[in-house]
Amino acid sequence: MAFTNNVMIVRHKLLENLVALWKEDQLVEKIDRIPIEFSPRRSQAVGRCCIHKERAVTRYKSLPLLGWDMSDETDELTPLSEYAKKALERRGKIKENILCVIDEACSSCVQVNYEVSNLCRGCVARSCYMNCPKGAVHFDKKTGQAHIDHDTCISCGICHKSCPYHAIVYIPVPCEEACPVGAISKDESGKEHIDPEKCILCGKCLQSCPFGAVVEMSQMVDVLKLLADENKKVVAMLAPAVLGQFPGTINNLIGALKKLGFADVVEVAIGADITTRKEAAEFIEKMENGEKMMTTSCCPAYYKAADLHIPEIKPFVSHTRTPMYYTAELLKQEQPECTAVFVGPCLAKRFEAENDPNVDYVLTFEEIGAMLVASGINVADCEPQEFAKISCAQGRRFPVS
């Protein structure tokens, strides 16, 4: 898998370390050493003020990977090992919230979005000063250059628009700028907060935060426990989007997942075939009834956006269920005793799974990748195996269309 920034590398390394400790049956005994091993004495802190802050951030980033969030910490002196122990003792699904903001990591973005650069000429017009609704712009008596009082500024951007020299620059908060629905903003303490009433779980804040302060809640430990239980039959439902994510062929990957402990691997492209048939029939019916159009319903982030933010398009969203839904339904009909684990590309599927009685857990490709690496399994070297049921080619190309 390709890593586009250092935050992804650190997260993947952390996932690998947790899996490796679990496989050695040393998760509780050694997890408290992870922050120190990630930031040893006399090492250089990356993006933090010191290694002690970096260690604290690593500690808090480990909590969501164990299935806990910041609200679970009632005592700062409680060690990671205690949370690891509780995670291993946990039964059933983890907390329903899917995203978590790490307070300790969310500390480096600007409080105010506008700043005066050295391009300011201290002009006579003083448009920035004249147009500021809060009187937040002042001038240096010696140089005549403008300055913004950040205690007064409300980040309205009027000074930015009115400056003839473009000397006032806009400094974004990456997660806020990336969010398409305005679901993330600073609270009274200056930390980012995700509004669950607005969030569509598209994951853009997760990908855009340069400090890795936004973390998704992982179900990896819970799945690892099931894979180690000889009395449990765990089946991986593999999303078509997996093609190209791992070395080797799709058949090598089936072999790798079975080597990891999955009893069987089914392709969600089978469900995509069902979705296509049902969606096509629904489309024909709607067109015959004179409706204007029909949109897909296969992306949880999309239909959540339609439900919460785009009421005018909501009547046109297809009522057909997703490939994951139909695959899990078939699987549970054939193997009702199995544990169904969907393996897919995005966190929005965790939201969909919460409302699907046939999907027990969700893992991302990133988590599966970490589990394979920590287990010493090279996908390309694994013995190729076949799916029990083969979908059509169009089903496998479903995520492309």
# chains A, B, ... in the order shown; residues from 1 in each chain; ligands from 1
call {"tool": "select_by_dssp", "arguments": {"residues": "range 170-320 of chain A", "states": "helix (DSSP H, G or I)", "output": "PyMOL selection string"}}
result
chain A and resi 174-178+204-208+220-228+240-242+250-260+269-288+300-308+314-316
call {"tool": "write_last_selection", "arguments": {"atoms": "C-alpha atoms", "output": "mmCIF file, in the first residue's frame"}}
result
data_model
loop_
_atom_site.group_PDB
_atom_site.id
_atom_site.type_symbol
_atom_site.label_atom_id
_atom_site.label_comp_id
_atom_site.auth_asym_id
_atom_site.auth_seq_id
_atom_site.Cartn_x
_atom_site.Cartn_y
_atom_site.Cartn_z
ATOM 1 C CA PRO A 174 -6.855 21.505 7.088
ATOM 2 C CA CYS A 175 -9.537 19.306 8.643
ATOM 3 C CA GLU A 176 -12.112 22.109 8.644
ATOM 4 C CA GLU A 177 -11.266 23.044 5.074
ATOM 5 C CA ALA A 178 -11.507 19.418 3.917
ATOM 6 C CA LYS A 204 -11.693 13.630 4.652
ATOM 7 C CA CYS A 205 -10.746 15.072 8.056
ATOM 8 C CA LEU A 206 -8.922 11.838 8.868
ATOM 9 C CA GLN A 207 -6.859 12.056 5.681
ATOM 10 C CA SER A 208 -6.206 15.800 5.803
ATOM 11 C CA MET A 220 -8.829 -5.019 14.835
ATOM 12 C CA VAL A 221 -8.199 -6.399 18.348
ATOM 13 C CA ASP A 222 -11.703 -7.868 18.469
ATOM 14 C CA VAL A 223 -11.197 -9.629 15.118
ATOM 15 C CA LEU A 224 -7.752 -10.918 16.157
ATOM 16 C CA LYS A 225 -9.312 -12.528 19.243
ATOM 17 C CA LEU A 226 -11.903 -14.288 17.076
ATOM 18 C CA LEU A 227 -9.276 -15.506 14.596
ATOM 19 C CA ALA A 228 -7.398 -17.134 17.473
ATOM 20 C CA PRO A 240 -13.883 -5.405 -5.030
ATOM 21 C CA ALA A 241 -11.833 -2.241 -4.388
ATOM 22 C CA VAL A 242 -9.090 -4.458 -2.923
ATOM 23 C CA ILE A 250 -6.443 -11.672 -5.790
ATOM 24 C CA ASN A 251 -5.939 -15.433 -5.464
ATOM 25 C CA ASN A 252 -2.695 -14.881 -3.559
ATOM 26 C CA LEU A 253 -4.620 -12.592 -1.211
ATOM 27 C CA ILE A 254 -7.238 -15.272 -0.539
ATOM 28 C CA GLY A 255 -4.419 -17.597 0.473
ATOM 29 C CA ALA A 256 -2.884 -14.886 2.665
ATOM 30 C CA LEU A 257 -6.161 -14.195 4.491
ATOM 31 C CA LYS A 258 -6.694 -17.898 5.162
ATOM 32 C CA LYS A 259 -3.134 -18.112 6.450
ATOM 33 C CA LEU A 260 -3.999 -15.199 8.732
ATOM 34 C CA ALA A 269 -18.551 -8.569 -5.958
ATOM 35 C CA ILE A 270 -21.217 -11.294 -5.625
ATOM 36 C CA GLY A 271 -23.327 -8.787 -3.716
ATOM 37 C CA ALA A 272 -22.489 -6.181 -6.354
ATOM 38 C CA ASP A 273 -24.080 -8.450 -8.966
ATOM 39 C CA ILE A 274 -27.280 -8.531 -6.884
ATOM 40 C CA THR A 275 -27.175 -4.772 -6.329
ATOM 41 C CA THR A 276 -26.808 -4.199 -10.069
ATOM 42 C CA ARG A 277 -29.800 -6.398 -10.912
ATOM 43 C CA LYS A 278 -32.043 -4.842 -8.267
ATOM 44 C CA GLU A 279 -30.903 -1.293 -8.995
ATOM 45 C CA ALA A 280 -31.495 -1.731 -12.732
ATOM 46 C CA ALA A 281 -35.029 -3.003 -12.090
ATOM 47 C CA GLU A 282 -35.683 -0.116 -9.710
ATOM 48 C CA PHE A 283 -34.373 2.371 -12.276
ATOM 49 C CA ILE A 284 -36.629 1.019 -15.026
ATOM 50 C CA GLU A 285 -39.651 1.174 -12.712
ATOM 51 C CA LYS A 286 -38.922 4.767 -11.698
ATOM 52 C CA MET A 287 -38.402 5.904 -15.276
ATOM 53 C CA GLU A 288 -41.642 4.248 -16.347
ATOM 54 C CA PRO A 300 -22.817 5.264 3.085
ATOM 55 C CA ALA A 301 -21.147 8.705 3.143
ATOM 56 C CA TYR A 302 -23.214 9.745 0.112
ATOM 57 C CA TYR A 303 -26.616 8.655 1.376
ATOM 58 C CA LYS A 304 -25.808 10.084 4.821
ATOM 59 C CA ALA A 305 -24.981 13.379 3.098
ATOM 60 C CA ALA A 306 -28.263 13.223 1.178
ATOM 61 C CA ASP A 307 -30.168 12.464 4.373
ATOM 62 C CA LEU A 308 -28.579 15.216 6.479
ATOM 63 C CA LYS A 314 -33.012 12.527 -1.034
ATOM 64 C CA PRO A 315 -36.204 11.422 -2.921
ATOM 65 C CA PHE A 316 -34.046 10.357 -5.880
#
call {"tool": "residues_around", "arguments": {"residues": "Pro35 in chain A", "least_positions_apart": "6", "cutoff": "9 Å", "atoms": "only C-alpha atoms", "output": "list in words"}}
result
Glu54, Arg55, Ala56, Val57, Thr58 and Arg59 of chain A
call {"tool": "select_by_dssp", "arguments": {"residues": "range 327-370 of chain A", "states": "strand (DSSP E or B)", "output": "PyMOL selection string"}}
result
chain A and resi 339-344+361-364
call {"tool": "write_last_selection", "arguments": {"atoms": "N, CA, C and O atoms", "output": "mmCIF file, in the first residue's frame"}}
result
data_model
loop_
_atom_site.group_PDB
_atom_site.id
_atom_site.type_symbol
_atom_site.label_atom_id
_atom_site.label_comp_id
_atom_site.auth_asym_id
_atom_site.auth_seq_id
_atom_site.Cartn_x
_atom_site.Cartn_y
_atom_site.Cartn_z
ATOM 1 N N THR A 339 -18.878 -15.653 11.857
ATOM 2 C CA THR A 339 -18.691 -14.230 12.140
ATOM 3 C C THR A 339 -18.276 -13.558 10.837
ATOM 4 O O THR A 339 -17.251 -13.915 10.251
ATOM 5 N N ALA A 340 -19.066 -12.600 10.382
ATOM 6 C CA ALA A 340 -18.822 -11.943 9.098
ATOM 7 C C ALA A 340 -18.024 -10.664 9.291
ATOM 8 O O ALA A 340 -18.450 -9.761 10.013
ATOM 9 N N VAL A 341 -16.844 -10.605 8.656
ATOM 10 C CA VAL A 341 -15.975 -9.432 8.755
ATOM 11 C C VAL A 341 -15.829 -8.811 7.365
ATOM 12 O O VAL A 341 -15.249 -9.426 6.469
ATOM 13 N N PHE A 342 -16.364 -7.619 7.195
ATOM 14 C CA PHE A 342 -16.215 -6.924 5.919
ATOM 15 C C PHE A 342 -14.832 -6.285 5.859
ATOM 16 O O PHE A 342 -14.389 -5.637 6.807
ATOM 17 N N VAL A 343 -14.144 -6.465 4.733
ATOM 18 C CA VAL A 343 -12.823 -5.870 4.522
ATOM 19 C C VAL A 343 -12.936 -4.894 3.359
ATOM 20 O O VAL A 343 -13.170 -5.307 2.221
ATOM 21 N N GLY A 344 -12.812 -3.622 3.650
ATOM 22 C CA GLY A 344 -13.043 -2.608 2.619
ATOM 23 C C GLY A 344 -12.131 -1.411 2.727
ATOM 24 O O GLY A 344 -11.242 -1.358 3.582
ATOM 25 N N TYR A 361 -18.210 -7.286 11.985
ATOM 26 C CA TYR A 361 -17.080 -6.371 12.156
ATOM 27 C C TYR A 361 -16.648 -5.820 10.800
ATOM 28 O O TYR A 361 -16.959 -6.397 9.754
ATOM 29 N N VAL A 362 -15.910 -4.713 10.848
ATOM 30 C CA VAL A 362 -15.366 -4.095 9.634
ATOM 31 C C VAL A 362 -13.887 -3.809 9.844
ATOM 32 O O VAL A 362 -13.495 -3.229 10.865
ATOM 33 N N LEU A 363 -13.068 -4.222 8.887
ATOM 34 C CA LEU A 363 -11.637 -3.891 8.876
ATOM 35 C C LEU A 363 -11.326 -3.160 7.579
ATOM 36 O O LEU A 363 -11.893 -3.462 6.529
ATOM 37 N N THR A 364 -10.419 -2.198 7.658
ATOM 38 C CA THR A 364 -9.979 -1.510 6.449
ATOM 39 C C THR A 364 -8.811 -2.264 5.829
ATOM 40 O O THR A 364 -8.179 -3.106 6.481
#
call {"tool": "residues_around", "arguments": {"residues": "Arg126 in chain A", "least_positions_apart": "6", "cutoff": "10 Å", "atoms": "only C-alpha atoms", "output": "MDAnalysis selection string"}}
result
chainID A and resid 137:139 145:146 159 162:164
call {"tool": "residues_around", "arguments": {"residues": "range 6-14 of chain A", "least_positions_apart": "6", "cutoff": "10 Å", "atoms": "only C-alpha atoms", "output": "ChimeraX atom specification"}}
result
/A:20,34-35,38,46,58,61-62,65,207-213,215,366-367,369-371,373-374
call {"tool": "closest_residue", "arguments": {"among": "A:Pro172, A:Asn289, A:His319, A:Asp360", "to": "Gly92 in chain A", "atoms": "only C-alpha atoms"}}
result
A:Asp360
call {"tool": "closest_residue", "arguments": {"among": "A:Gln26, A:Asp149, A:Tyr170, A:His193", "to": "Met70 in chain A", "atoms": "only C-alpha atoms"}}
result
A:His193
call {"tool": "residues_around", "arguments": {"residues": "Leu63 in chain A", "least_positions_apart": "6", "cutoff": "8 Å", "atoms": "only C-alpha atoms", "output": "VMD selection string"}}
result
chain A and resid 69 to 70 80 83
call {"tool": "residues_around", "arguments": {"residues": "Pro357 in chain A", "least_positions_apart": "6", "cutoff": "10 Å", "atoms": "only C-alpha atoms", "output": "MDAnalysis selection string"}}
result
chainID A and resid 325 328:329 332
call {"tool": "write_last_selection", "arguments": {"atoms": "C-alpha atoms", "output": "PDB file, in the first residue's frame"}}
result
ATOM      1  CA  TYR A 325     -25.500  -5.915   2.557  1.00  0.00           C
ATOM      2  CA  ALA A 328     -23.560 -10.598   4.212  1.00  0.00           C
ATOM      3  CA  GLU A 329     -27.195 -11.666   3.797  1.00  0.00           C
ATOM      4  CA  LYS A 332     -25.515 -15.662   6.953  1.00  0.00           C
TER       5      LYS A 332
END
call {"tool": "residues_around", "arguments": {"residues": "range 114-120 of chain A", "least_positions_apart": "6", "cutoff": "9 Å", "atoms": "only C-alpha atoms", "output": "ChimeraX atom specification"}}
result
/A:144-148,150,153,155-157,159-160,163,165-172
call {"tool": "closest_residue", "arguments": {"among": "A:Asn97, A:Asn231, A:Ser127, A:Gln219", "to": "Cys338 in chain A", "atoms": "only C-alpha atoms"}}
result
A:Asn231
call {"tool": "closest_residue", "arguments": {"among": "A:Asp381, A:Asp140, A:Glu354, A:Glu197", "to": "Pro247 in chain A", "atoms": "only C-alpha atoms"}}
result
A:Asp381
call {"tool": "atom_distance", "arguments": {"atom1": "CA of Leu243 in chain A", "atom2": "CA of Ile368 in chain A"}}
result
13.8 Å
call {"tool": "atom_distance", "arguments": {"atom1": "CA of Pro196 in chain A", "atom2": "CA of Thr4 in chain A"}}
result
27.7 Å
